[in-house]
file query.pdb (PDB, C-alpha atoms)
ATOM      1  CA  MET A   1       0.000   0.000   0.000
ATOM      2  CA  VAL A   2       1.228   3.463  -0.895
ATOM      3  CA  SER A   3       0.329   6.191   1.595
ATOM      4  CA  ILE A   4       0.668   9.916   1.162
ATOM      5  CA  ASN A   5       0.967  10.390   4.958
ATOM      6  CA  THR A   6       3.425   7.668   5.932
ATOM      7  CA  ASN A   7       6.309   6.305   3.878
ATOM      8  CA  SER A   8       7.044   3.183   5.895
ATOM      9  CA  ALA A   9       9.864   2.108   3.575
ATOM     10  CA  ALA A  10      11.639   5.449   4.015
ATOM     11  CA  ILE A  11      11.147   5.333   7.783
ATOM     12  CA  GLY A  12      12.651   1.846   7.936
ATOM     13  CA  ALA A  13      15.563   2.870   5.734
ATOM     14  CA  LEU A  14      16.112   5.964   7.878
ATOM     15  CA  ASP A  15      16.156   3.876  11.079
ATOM     16  CA  VAL A  16      18.752   1.547   9.579
ATOM     17  CA  LEU A  17      20.812   4.513   8.369
ATOM     18  CA  ARG A  18      20.602   6.197  11.783
ATOM     19  CA  ALA A  19      21.850   3.016  13.520
ATOM     20  CA  THR A  20      24.651   2.737  10.956
ATOM     21  CA  VAL A  21      25.721   6.339  11.583
ATOM     22  CA  ASP A  22      25.733   5.738  15.354
ATOM     23  CA  GLY A  23      27.898   2.676  14.860
ATOM     24  CA  ARG A  24      30.224   4.647  12.603
ATOM     25  CA  ASN A  25      30.568   7.394  15.220
ATOM     26  CA  GLN A  26      31.407   4.859  17.945
ATOM     27  CA  THR A  27      33.964   3.126  15.747
ATOM     28  CA  GLN A  28      35.503   6.441  14.717
ATOM     29  CA  SER A  29      35.809   7.390  18.387
ATOM     30  CA  ARG A  30      37.676   4.146  19.086
ATOM     31  CA  VAL A  31      39.984   4.727  16.137
ATOM     32  CA  ILE A  32      40.676   8.342  17.161
ATOM     33  CA  THR A  33      41.179   7.738  20.903
ATOM     34  CA  GLY A  34      42.654   4.257  20.692
ATOM     35  CA  TYR A  35      40.359   3.150  23.517
ATOM     36  CA  ARG A  36      37.598   0.577  23.459
ATOM     37  CA  VAL A  37      36.521   1.855  26.882
ATOM     38  CA  SER A  38      37.188   5.586  27.151
ATOM     39  CA  GLN A  39      34.343   6.590  29.484
ATOM     40  CA  ALA A  40      32.117   4.987  32.075
ATOM     41  CA  SER A  41      29.205   4.641  29.622
ATOM     42  CA  ASP A  42      31.309   2.310  27.428
ATOM     43  CA  ASP A  43      31.773  -0.266  30.200
ATOM     44  CA  ALA A  44      31.332   0.923  33.776
ATOM     45  CA  ALA A  45      33.177  -2.001  35.405
ATOM     46  CA  TYR A  46      36.228  -1.903  33.146
ATOM     47  CA  TRP A  47      36.348   1.892  33.231
ATOM     48  CA  SER A  48      36.330   1.870  37.065
ATOM     49  CA  ILE A  49      39.086  -0.749  37.281
ATOM     50  CA  ALA A  50      41.221   0.966  34.644
ATOM     51  CA  THR A  51      40.863   4.387  36.271
ATOM     52  CA  THR A  52      41.891   2.995  39.668
ATOM     53  CA  MET A  53      44.883   1.186  38.207
ATOM     54  CA  ARG A  54      45.991   4.283  36.316
ATOM     55  CA  SER A  55      45.855   6.203  39.601
ATOM     56  CA  ASP A  56      47.962   3.509  41.275
ATOM     57  CA  ASN A  57      50.427   3.675  38.419
ATOM     58  CA  LYS A  58      50.881   7.396  38.983
ATOM     59  CA  ALA A  59      51.538   6.678  42.667
ATOM     60  CA  LEU A  60      54.115   4.070  41.658
ATOM     61  CA  SER A  61      55.750   6.666  39.423
ATOM     62  CA  ALA A  62      56.121   8.895  42.490
ATOM     63  CA  VAL A  63      57.566   5.916  44.392
ATOM     64  CA  GLU A  64      60.072   5.419  41.598
ATOM     65  CA  ASP A  65      61.172   9.050  41.924
ATOM     66  CA  ALA A  66      61.423   8.660  45.707
ATOM     67  CA  LEU A  67      63.519   5.514  45.301
ATOM     68  CA  GLY A  68      65.841   7.413  42.989
ATOM     69  CA  MET A  69      66.261  10.039  45.697
ATOM     70  CA  ALA A  70      66.729   7.357  48.359
ATOM     71  CA  GLY A  71      69.322   5.581  46.258
ATOM     72  CA  ALA A  72      71.293   8.808  45.878
ATOM     73  CA  VAL A  73      71.212   9.433  49.655
ATOM     74  CA  VAL A  74      72.354   5.893  50.450
ATOM     75  CA  ASP A  75      75.050   5.936  47.778
ATOM     76  CA  THR A  76      76.376   9.241  49.097
ATOM     77  CA  ALA A  77      76.686   7.820  52.610
ATOM     78  CA  SER A  78      78.174   4.583  51.288
ATOM     79  CA  ASN A  79      80.797   6.413  49.231
ATOM     80  CA  GLY A  80      81.692   8.531  52.259
ATOM     81  CA  VAL A  81      82.189   5.450  54.412
ATOM     82  CA  GLU A  82      84.347   3.752  51.778
ATOM     83  CA  SER A  83      86.540   6.846  51.510
ATOM     84  CA  ALA A  84      86.802   7.033  55.303
ATOM     85  CA  VAL A  85      87.991   3.414  55.461
ATOM     86  CA  ASP A  86      90.803   4.205  53.013
ATOM     87  CA  VAL A  87      91.914   7.186  55.101
ATOM     88  CA  MET A  88      91.792   5.175  58.331
ATOM     89  CA  GLN A  89      94.020   2.542  56.771
ATOM     90  CA  GLU A  90      96.501   5.302  55.948
ATOM     91  CA  ILE A  91      96.342   6.499  59.561
ATOM     92  CA  LYS A  92      96.999   3.004  60.870
ATOM     93  CA  GLN A  93      99.951   2.705  58.533
ATOM     94  CA  ARG A  94     101.437   5.941  59.875
ATOM     95  CA  MET A  95     101.002   4.746  63.449
ATOM     96  CA  VAL A  96     102.736   1.473  62.709
ATOM     97  CA  LEU A  97     105.574   3.477  61.217
ATOM     98  CA  ALA A  98     105.681   5.673  64.328
ATOM     99  CA  ARG A  99     106.192   2.530  66.414
ATOM    100  CA  GLU A 100     109.565   1.974  64.796
ATOM    101  CA  PRO A 101     112.551   3.210  66.835
ATOM    102  CA  GLY A 102     114.295   6.361  65.663
ATOM    103  CA  VAL A 103     111.551   7.799  63.467
ATOM    104  CA  ASP A 104     110.556  11.439  63.681
ATOM    105  CA  ARG A 105     107.086  11.171  65.206
ATOM    106  CA  ASP A 106     106.427  14.896  64.922
ATOM    107  CA  LYS A 107     106.697  14.702  61.143
ATOM    108  CA  ILE A 108     104.428  11.673  61.066
ATOM    109  CA  ASN A 109     101.967  13.572  63.251
ATOM    110  CA  THR A 110     101.896  16.345  60.624
ATOM    111  CA  GLU A 111     100.601  13.787  58.145
ATOM    112  CA  LEU A 112      98.249  12.437  60.789
ATOM    113  CA  VAL A 113      96.711  15.879  61.281
ATOM    114  CA  GLU A 114      96.008  16.197  57.558
ATOM    115  CA  LEU A 115      94.471  12.735  57.425
ATOM    116  CA  LYS A 116      92.178  13.642  60.328
ATOM    117  CA  GLU A 117      91.110  16.774  58.493
ATOM    118  CA  GLN A 118      90.382  14.627  55.463
ATOM    119  CA  LEU A 119      88.103  12.436  57.593
ATOM    120  CA  LYS A 120      86.221  15.537  58.714
ATOM    121  CA  THR A 121      85.939  16.748  55.122
ATOM    122  CA  ILE A 122      84.591  13.401  53.950
ATOM    123  CA  THR A 123      82.043  13.292  56.765
ATOM    124  CA  HIS A 124      80.815  16.841  56.297
ATOM    125  CA  ALA A 125      80.641  16.513  52.515
ATOM    126  CA  SER A 126      78.635  13.269  52.516
ATOM    127  CA  THR A 127      75.390  15.212  52.180
ATOM    128  CA  PHE A 128      72.650  14.803  49.592
ATOM    129  CA  SER A 129      69.515  16.939  49.562
ATOM    130  CA  GLY A 130      70.184  18.088  53.115
ATOM    131  CA  GLN A 131      70.636  14.559  54.489
ATOM    132  CA  ASN A 132      73.888  13.409  56.066
ATOM    133  CA  TRP A 133      73.919   9.950  57.635
ATOM    134  CA  LEU A 134      77.526  10.148  58.802
ATOM    135  CA  TRP A 135      77.524  13.387  60.789
ATOM    136  CA  ARG A 136      75.466  13.847  63.977
ATOM    137  CA  THR A 137      74.740  17.500  64.663
ATOM    138  CA  ASP A 138      71.452  17.192  66.553
ATOM    139  CA  VAL A 139      69.612  14.605  68.617
ATOM    140  CA  ALA A 140      66.982  14.564  65.872
ATOM    141  CA  ASP A 141      69.574  12.860  63.671
ATOM    142  CA  ASP A 142      69.087   9.696  65.740
ATOM    143  CA  GLU A 143      65.666   9.076  64.200
ATOM    144  CA  PRO A 144      65.623   5.999  61.923
ATOM    145  CA  LYS A 145      65.906   6.965  58.289
ATOM    146  CA  GLN A 146      62.698   6.197  56.426
ATOM    147  CA  LEU A 147      62.974   5.614  52.689
ATOM    148  CA  VAL A 148      59.860   5.170  50.554
ATOM    149  CA  GLY A 149      59.936   1.573  49.357
ATOM    150  CA  SER A 150      56.652   0.821  47.611
ATOM    151  CA  PHE A 151      52.946   1.552  47.254
ATOM    152  CA  ARG A 152      50.270  -1.118  47.457
ATOM    153  CA  ARG A 153      46.479  -1.356  47.473
ATOM    154  CA  ASP A 154      44.828  -3.852  49.828
ATOM    155  CA  SER A 155      41.940  -6.109  48.853
ATOM    156  CA  ASP A 156      39.547  -3.789  50.711
ATOM    157  CA  GLY A 157      40.698  -0.797  48.655
ATOM    158  CA  GLY A 158      42.970   0.757  51.294
ATOM    159  CA  VAL A 159      46.366   2.056  50.223
ATOM    160  CA  THR A 160      49.658   1.676  52.088
ATOM    161  CA  VAL A 161      53.101   3.171  51.527
ATOM    162  CA  THR A 162      55.831   0.821  52.740
ATOM    163  CA  ASN A 163      59.225   2.071  53.881
ATOM    164  CA  VAL A 164      62.796   0.861  53.864
ATOM    165  CA  GLU A 165      64.305   1.701  57.246
ATOM    166  CA  TYR A 166      67.901   2.293  58.326
ATOM    167  CA  GLU A 167      68.804   2.508  62.018
ATOM    168  CA  VAL A 168      71.382   5.266  61.975
ATOM    169  CA  ALA A 169      71.864   5.914  65.697
ATOM    170  CA  GLY A 170      73.407   2.716  67.065
ATOM    171  CA  THR A 171      74.289   2.457  70.751
ATOM    172  CA  ALA A 172      76.175   5.450  72.123
ATOM    173  CA  GLY A 173      79.271   4.734  74.206
ATOM    174  CA  THR A 174      79.941   1.378  72.540
ATOM    175  CA  SER A 175      81.519   0.195  69.320
ATOM    176  CA  GLU A 176      78.016  -0.339  67.846
ATOM    177  CA  VAL A 177      77.720   3.184  66.439
ATOM    178  CA  ASN A 178      77.044   4.246  62.853
ATOM    179  CA  PHE A 179      77.891   7.947  62.635
ATOM    180  CA  LEU A 180      81.465   8.811  61.754
ATOM    181  CA  ILE A 181      81.422  12.050  63.739
ATOM    182  CA  ASP A 182      79.138  12.986  66.621
ATOM    183  CA  ASP A 183      79.437  16.701  67.345
ATOM    184  CA  VAL A 184      76.666  16.566  69.964
ATOM    185  CA  SER A 185      77.856  14.096  72.583
ATOM    186  CA  GLY A 186      80.826  12.469  70.916
ATOM    187  CA  ASP A 187      79.969   8.895  71.924
ATOM    188  CA  SER A 188      77.674   8.183  68.958
ATOM    189  CA  GLY A 189      80.523   8.683  66.502
ATOM    190  CA  ILE A 190      83.067   6.110  65.377
ATOM    191  CA  LEU A 191      85.841   8.694  65.269
ATOM    192  CA  THR A 192      84.755  10.724  68.309
ATOM    193  CA  GLY A 193      83.428   8.041  70.671
ATOM    194  CA  SER A 194      85.323   6.377  73.515
ATOM    195  CA  GLY A 195      83.454   3.086  73.195
ATOM    196  CA  PHE A 196      86.210   1.397  71.201
ATOM    197  CA  ALA A 197      88.912   2.214  73.749
ATOM    198  CA  SER A 198      86.648   1.158  76.619
ATOM    199  CA  GLU A 199      85.877  -2.207  75.060
ATOM    200  CA  LEU A 200      89.555  -2.833  74.306
ATOM    201  CA  GLY A 201      90.513  -1.874  77.884
ATOM    202  CA  THR A 202      93.182   0.644  76.915
ATOM    203  CA  THR A 203      94.865   2.857  79.497
ATOM    204  CA  LYS A 204      93.342   5.985  77.940
ATOM    205  CA  ASN A 205      90.048   6.824  76.249
ATOM    206  CA  TRP A 206      91.547   7.140  72.785
ATOM    207  CA  VAL A 207      89.551   8.884  70.060
ATOM    208  CA  MET A 208      90.595   9.982  66.600
ATOM    209  CA  PHE A 209      89.651  13.539  67.545
ATOM    210  CA  ASN A 210      87.225  15.188  69.949
ATOM    211  CA  SER A 211      83.757  16.355  68.972
ATOM    212  CA  GLU A 212      82.784  20.013  69.050
ATOM    213  CA  ASP A 213      80.333  19.864  71.966
ATOM    214  CA  GLY A 214      81.056  16.493  73.564
ATOM    215  CA  PRO A 215      83.428  15.545  76.389
ATOM    216  CA  THR A 216      87.177  15.772  75.969
ATOM    217  CA  TYR A 217      88.841  12.391  75.499
ATOM    218  CA  ASP A 218      92.428  11.441  74.709
ATOM    219  CA  GLU A 219      92.974  12.470  71.113
ATOM    220  CA  MET A 220      95.446  10.430  69.094
ATOM    221  CA  VAL A 221      98.602  12.499  68.712
ATOM    222  CA  LEU A 222     102.109  11.332  67.815
ATOM    223  CA  ASN A 223     105.083  13.009  69.498
ATOM    224  CA  ASP A 224     108.189  12.105  71.425
ATOM    225  CA  THR A 225     106.332  11.871  74.738
ATOM    226  CA  VAL A 226     104.017   9.100  73.507
ATOM    227  CA  THR A 227     105.123   5.649  74.644
ATOM    228  CA  ASP A 228     105.293   2.548  72.475
ATOM    229  CA  THR A 229     102.507   1.007  74.524
ATOM    230  CA  GLU A 230     100.259   3.978  73.873
ATOM    231  CA  ILE A 231     100.994   3.801  70.150
ATOM    232  CA  GLU A 232     100.078   0.121  70.155
ATOM    233  CA  GLU A 233      96.829   0.994  71.899
ATOM    234  CA  MET A 234      96.144   3.670  69.279
ATOM    235  CA  ILE A 235      96.744   1.136  66.507
ATOM    236  CA  SER A 236      94.304  -1.293  68.123
ATOM    237  CA  VAL A 237      91.648   1.410  68.499
ATOM    238  CA  VAL A 238      92.100   2.652  64.919
ATOM    239  CA  ASP A 239      91.822  -0.902  63.650
ATOM    240  CA  ALA A 240      88.590  -1.405  65.632
ATOM    241  CA  MET A 241      87.251   1.879  64.262
ATOM    242  CA  ALA A 242      88.126   0.807  60.729
ATOM    243  CA  GLN A 243      86.398  -2.548  61.200
ATOM    244  CA  ARG A 244      83.253  -0.850  62.460
ATOM    245  CA  THR A 245      83.370   1.562  59.521
ATOM    246  CA  ILE A 246      83.622  -1.427  57.179
ATOM    247  CA  ASP A 247      80.568  -2.959  58.877
ATOM    248  CA  VAL A 248      78.628   0.271  58.379
ATOM    249  CA  GLY A 249      79.733   0.354  54.747
ATOM    250  CA  THR A 250      78.537  -3.227  54.299
ATOM    251  CA  THR A 251      75.118  -2.327  55.716
ATOM    252  CA  LEU A 252      74.838   0.727  53.490
ATOM    253  CA  GLY A 253      75.948  -1.281  50.460
ATOM    254  CA  ALA A 254      73.277  -3.904  51.140
ATOM    255  CA  LEU A 255      70.704  -1.149  51.597
ATOM    256  CA  SER A 256      71.758   0.437  48.316
ATOM    257  CA  MET A 257      71.346  -2.913  46.553
ATOM    258  CA  ARG A 258      67.881  -3.324  48.091
ATOM    259  CA  VAL A 259      66.825   0.142  46.934
ATOM    260  CA  GLU A 260      68.114  -0.613  43.447
ATOM    261  CA  LEU A 261      66.264  -3.941  43.318
ATOM    262  CA  GLN A 262      63.093  -2.292  44.605
ATOM    263  CA  ASN A 263      63.398   0.411  41.985
ATOM    264  CA  GLY A 264      63.651  -2.229  39.261
ATOM    265  CA  PHE A 265      60.650  -4.055  40.702
ATOM    266  CA  VAL A 266      58.562  -0.864  40.752
ATOM    267  CA  MET A 267      59.432  -0.183  37.115
ATOM    268  CA  ASP A 268      58.419  -3.730  36.132
ATOM    269  CA  LEU A 269      55.229  -3.382  38.157
ATOM    270  CA  GLN A 270      54.349  -0.162  36.341
ATOM    271  CA  ASP A 271      54.831  -1.920  33.004
ATOM    272  CA  SER A 272      52.618  -4.814  34.135
ATOM    273  CA  ILE A 273      49.840  -2.490  35.249
ATOM    274  CA  HIS A 274      50.081  -0.461  32.054
ATOM    275  CA  TYR A 275      49.881  -3.645  29.970
ATOM    276  CA  GLY A 276      46.989  -5.033  32.030
ATOM    277  CA  VAL A 277      44.972  -1.826  31.719
ATOM    278  CA  GLY A 278      45.635  -1.789  28.004
ATOM    279  CA  LYS A 279      44.270  -5.297  27.618
ATOM    280  CA  MET A 280      41.043  -4.144  29.268
ATOM    281  CA  VAL A 281      40.373  -0.814  27.591
ATOM    282  CA  ASP A 282      42.540  -0.464  24.469
ATOM    283  CA  ALA A 283      40.902  -0.832  21.090
ATOM    284  CA  ASP A 284      42.085  -3.383  18.535
ATOM    285  CA  MET A 285      43.085  -0.919  15.827
ATOM    286  CA  ASP A 286      43.209  -3.518  13.050
ATOM    287  CA  LEU A 287      39.695  -4.671  13.901
ATOM    288  CA  GLU A 288      38.312  -1.160  14.359
ATOM    289  CA  SER A 289      39.766   0.195  11.106
ATOM    290  CA  THR A 290      38.363  -2.792   9.190
ATOM    291  CA  ARG A 291      35.003  -2.328  10.895
ATOM    292  CA  LEU A 292      35.035   1.394  10.060
ATOM    293  CA  ARG A 293      35.532   0.701   6.369
ATOM    294  CA  ALA A 294      32.680  -1.817   6.437
ATOM    295  CA  ILE A 295      30.357   0.611   8.236
ATOM    296  CA  GLU A 296      31.176   3.399   5.765
ATOM    297  CA  THR A 297      30.197   1.054   2.941
ATOM    298  CA  LYS A 298      27.020   0.123   4.811
ATOM    299  CA  GLU A 299      26.281   3.828   5.334
ATOM    300  CA  GLN A 300      26.570   4.512   1.617
ATOM    301  CA  LEU A 301      24.194   1.636   0.909
ATOM    302  CA  GLY A 302      21.786   3.013   3.543
ATOM    303  CA  VAL A 303      21.781   6.413   1.864
ATOM    304  CA  GLN A 304      20.995   4.790  -1.459
ATOM    305  CA  ALA A 305      18.243   2.674   0.153
ATOM    306  CA  LEU A 306      16.705   5.790   1.681
ATOM    307  CA  ALA A 307      16.809   7.526  -1.682
ATOM    308  CA  ILE A 308      15.066   4.555  -3.307
ATOM    309  CA  ALA A 309      12.417   4.497  -0.565
ATOM    310  CA  ASN A 310      11.777   8.213  -1.007
ATOM    311  CA  ALA A 311      11.567   7.799  -4.788
ATOM    312  CA  SER A 312       8.776   5.191  -4.456
ATOM    313  CA  THR A 313       6.188   7.984  -4.046
ATOM    314  CA  GLU A 314       7.173   9.854  -7.200
ATOM    315  CA  PRO A 315       4.696   7.931  -9.495
ATOM    316  CA  LEU A 316       1.841   8.914  -7.176
ATOM    317  CA  ILE A 317       2.911  12.532  -7.201
ATOM    318  CA  SER A 318       3.025  12.509 -11.012
ATOM    319  CA  LEU A 319      -0.557  11.264 -11.100
ATOM    320  CA  LEU A 320      -1.683  14.159  -8.933
ATOM    321  CA  ARG A 321      -0.252  16.794 -11.192
TER     322      ARG A 321
END
call {"tool": "encode", "arguments": {"input": "query.pdb", "output": "structure tokens"}}
result
Amino acid sequence: MVSINTNSAAIGALDVLRATVDGRNQTQSRVITGYRVSQASDDAAYWSIATTMRSDNKALSAVEDALGMAGAVVDTASNGVESAVDVMQEIKQRMVLAREPGVDRDKINTELVELKEQLKTITHASTFSGQNWLWRTDVADDEPKQLVGSFRRDSDGGVTVTNVEYEVAGTAGTSEVNFLIDDVSGDSGILTGSGFASELGTTKNWVMFNSEDGPTYDEMVLNDTVTDTEIEEMISVVDAMAQRTIDVGTTLGALSMRVELQNGFVMDLQDSIHYGVGKMVDADMDLESTRLRAIETKEQLGVQALAIANASTEPLISLLR
């Protein structure tokens, strides 16, 4: 039946064409954005998961930056300790030489003074971004050093930042200390503390040099009034100091390796999350481009079908003229 009020064929063709155009627009959006799920209306569940994971990935990127900073701080302290060990070995060598009969101990002491100054320089210079793990200038320096280690999301949705911790203080007054120099009380420093001499049972409280604000102990000085026994005690104390410094260097080296491994893990984790999110929301560009070409062809056919449906009323119109 041909109606002058309703062209059902044209309406049907128009509905098909409208659906084709909508499909083309959706496919074009996927091709342009590269996403199969770019907004919540595309797939609410996948969009929610992907958005959360992208947020976590940004947090992991911040953790990666923090680990880079932490690695630099640890490496700075580790390099300072290694340099200090080399200088302490030189000091021990000079003291062994001073033990020999007939040597000019005053001249050796001149070298000793310079080596002590080098230890101070190393300690003071081992600073990165305002942090110095080898030099105690305030009681606040005793606080454990917290380094950002990772970021994780619990099953209930809560987030947690985990830390890598380094106990920097040690036990003051003993050989179990980690600072090289303690300018507050002296006894928390390897070079300024009397703990080594006390544990070795020497006749004097030998220290490499005295701290700025701590008590005054027996500083190691070589001159003609120093006895052979005292020099031997100094050698023993310096050796104990060097061994403790090596232990601290070992701890810092292990910590540096842990930070480096954690940094690598965080980078791999970011890649995994990025890949996982992509599998959920990325569009298959080969499929979408092929689909777009097919829809464009279908759209052209729909336009032609609509034109044919509209032309079906032309004979009736010609009769009415």
call {"tool": "axis_aligned_box", "arguments": {"input": "query.pdb", "around": "stretch 238-251 of chain A", "padding_each_side": "5 Å", "output": "JSON"}}
result
{"center_x": 83.6, "center_y": -0.3, "center_z": 60.0, "size_x": 27.0, "size_y": 15.9, "size_z": 21.3}
call {"tool": "resolve_selection", "arguments": {"input": "query.pdb", "expression": "the PyMOL selection byres ((chain A and resi 129-142) around 6)", "output": "mmCIF file with C-alpha atoms, in the frame of the given file"}}
result
data_model
loop_
_atom_site.group_PDB
_atom_site.id
_atom_site.type_symbol
_atom_site.label_atom_id
_atom_site.label_comp_id
_atom_site.auth_asym_id
_atom_site.auth_seq_id
_atom_site.Cartn_x
_atom_site.Cartn_y
_atom_site.Cartn_z
ATOM 1 C CA THR A 123 82.043 13.292 56.765
ATOM 2 C CA SER A 126 78.635 13.269 52.516
ATOM 3 C CA THR A 127 75.390 15.212 52.180
ATOM 4 C CA PHE A 128 72.650 14.803 49.592
ATOM 5 C CA GLU A 143 65.666 9.076 64.200
ATOM 6 C CA ALA A 169 71.864 5.914 65.697
ATOM 7 C CA PHE A 179 77.891 7.947 62.635
ATOM 8 C CA LEU A 180 81.465 8.811 61.754
ATOM 9 C CA ILE A 181 81.422 12.050 63.739
ATOM 10 C CA ASP A 182 79.138 12.986 66.621
ATOM 11 C CA ASP A 183 79.437 16.701 67.345
ATOM 12 C CA VAL A 184 76.666 16.566 69.964
#
call {"tool": "atom_distance", "arguments": {"input": "query.pdb", "atom1": "atom CA of A:Asn79", "atom2": "atom CA of A:Thr121"}}
result
13.0 Å
call {"tool": "resolve_selection", "arguments": {"input": "query.pdb", "expression": "the PyMOL selection byres ((chain A and resi 23-29) around 9)", "output": "PyMOL selection string"}}
result
chain A and resi 18-22+30-36+288-289+291-292+295-296+299
call {"tool": "residues_near_point", "arguments": {"input": "query.pdb", "point": "(98.2, 12.2, 67.6)", "cutoff": "12 Å", "atoms": "all atoms listed in the file", "output": "number ranges by chain"}}
result
A: 91-92, 94-95, 98, 105-116, 206-210, 218-227, 230-231, 234-235, 238
call {"tool": "build_atoms", "arguments": {"input": "query.pdb", "residues": "stretch 202-208 of chain A", "atoms": "all heavy atoms", "output": "CSV table (one decimal), keeping the file's coordinate frame"}}
result
chain,number,residue,atom,x,y,z
A,202,THR,N,91.9,-0.1,77.0
A,202,THR,CA,93.2,0.6,76.9
A,202,THR,C,93.4,1.6,78.1
A,202,THR,O,92.4,1.8,78.9
A,202,THR,CB,93.2,1.5,75.6
A,202,THR,OG1,92.0,2.4,75.6
A,202,THR,CG2,93.1,0.6,74.4
A,203,THR,N,94.6,2.0,78.3
A,203,THR,CA,94.9,2.9,79.5
A,203,THR,C,94.2,4.2,79.4
A,203,THR,O,94.1,4.9,80.4
A,203,THR,CB,96.4,3.0,79.7
A,203,THR,OG1,97.0,3.6,78.5
A,203,THR,CG2,97.0,1.6,79.9
A,204,LYS,N,94.0,4.7,78.2
A,204,LYS,CA,93.3,6.0,77.9
A,204,LYS,C,92.1,5.8,77.0
A,204,LYS,O,92.0,4.9,76.3
A,204,LYS,CB,94.3,7.0,77.3
A,204,LYS,CG,95.5,7.3,78.2
A,204,LYS,CD,96.4,8.4,77.6
A,204,LYS,CE,97.5,8.8,78.5
A,204,LYS,NZ,98.4,9.8,77.9
A,205,ASN,N,91.2,6.8,77.1
A,205,ASN,CA,90.0,6.8,76.2
A,205,ASN,C,90.4,7.4,74.9
A,205,ASN,O,90.1,8.6,74.6
A,205,ASN,CB,88.9,7.6,76.9
A,205,ASN,CG,88.3,6.9,78.1
A,205,ASN,OD1,88.2,5.7,78.1
A,205,ASN,ND2,88.0,7.7,79.1
A,206,TRP,N,91.1,6.6,74.1
A,206,TRP,CA,91.5,7.1,72.8
A,206,TRP,C,90.4,7.4,71.8
A,206,TRP,O,89.5,6.6,71.6
A,206,TRP,CB,92.5,6.1,72.1
A,206,TRP,CG,93.8,5.9,72.9
A,206,TRP,CD1,94.1,4.7,73.6
A,206,TRP,CD2,94.8,6.8,73.1
A,206,TRP,NE1,95.3,4.9,74.2
A,206,TRP,CE2,95.8,6.1,73.9
A,206,TRP,CE3,95.1,8.1,72.8
A,206,TRP,CZ2,97.0,6.7,74.4
A,206,TRP,CZ3,96.3,8.7,73.2
A,206,TRP,CH2,97.2,8.0,73.9
A,207,VAL,N,90.5,8.6,71.2
A,207,VAL,CA,89.6,8.9,70.1
A,207,VAL,C,90.4,9.5,68.9
A,207,VAL,O,91.5,10.0,69.2
A,207,VAL,CB,88.4,9.9,70.5
A,207,VAL,CG1,87.5,9.3,71.5
A,207,VAL,CG2,89.0,11.2,71.0
A,208,MET,N,89.8,9.4,67.7
A,208,MET,CA,90.6,10.0,66.6
A,208,MET,C,90.7,11.5,66.8
A,208,MET,O,91.8,12.1,66.6
A,208,MET,CB,89.9,9.7,65.3
A,208,MET,CG,90.7,10.1,64.0
A,208,MET,SD,92.1,9.0,63.8
A,208,MET,CE,91.4,7.5,63.4
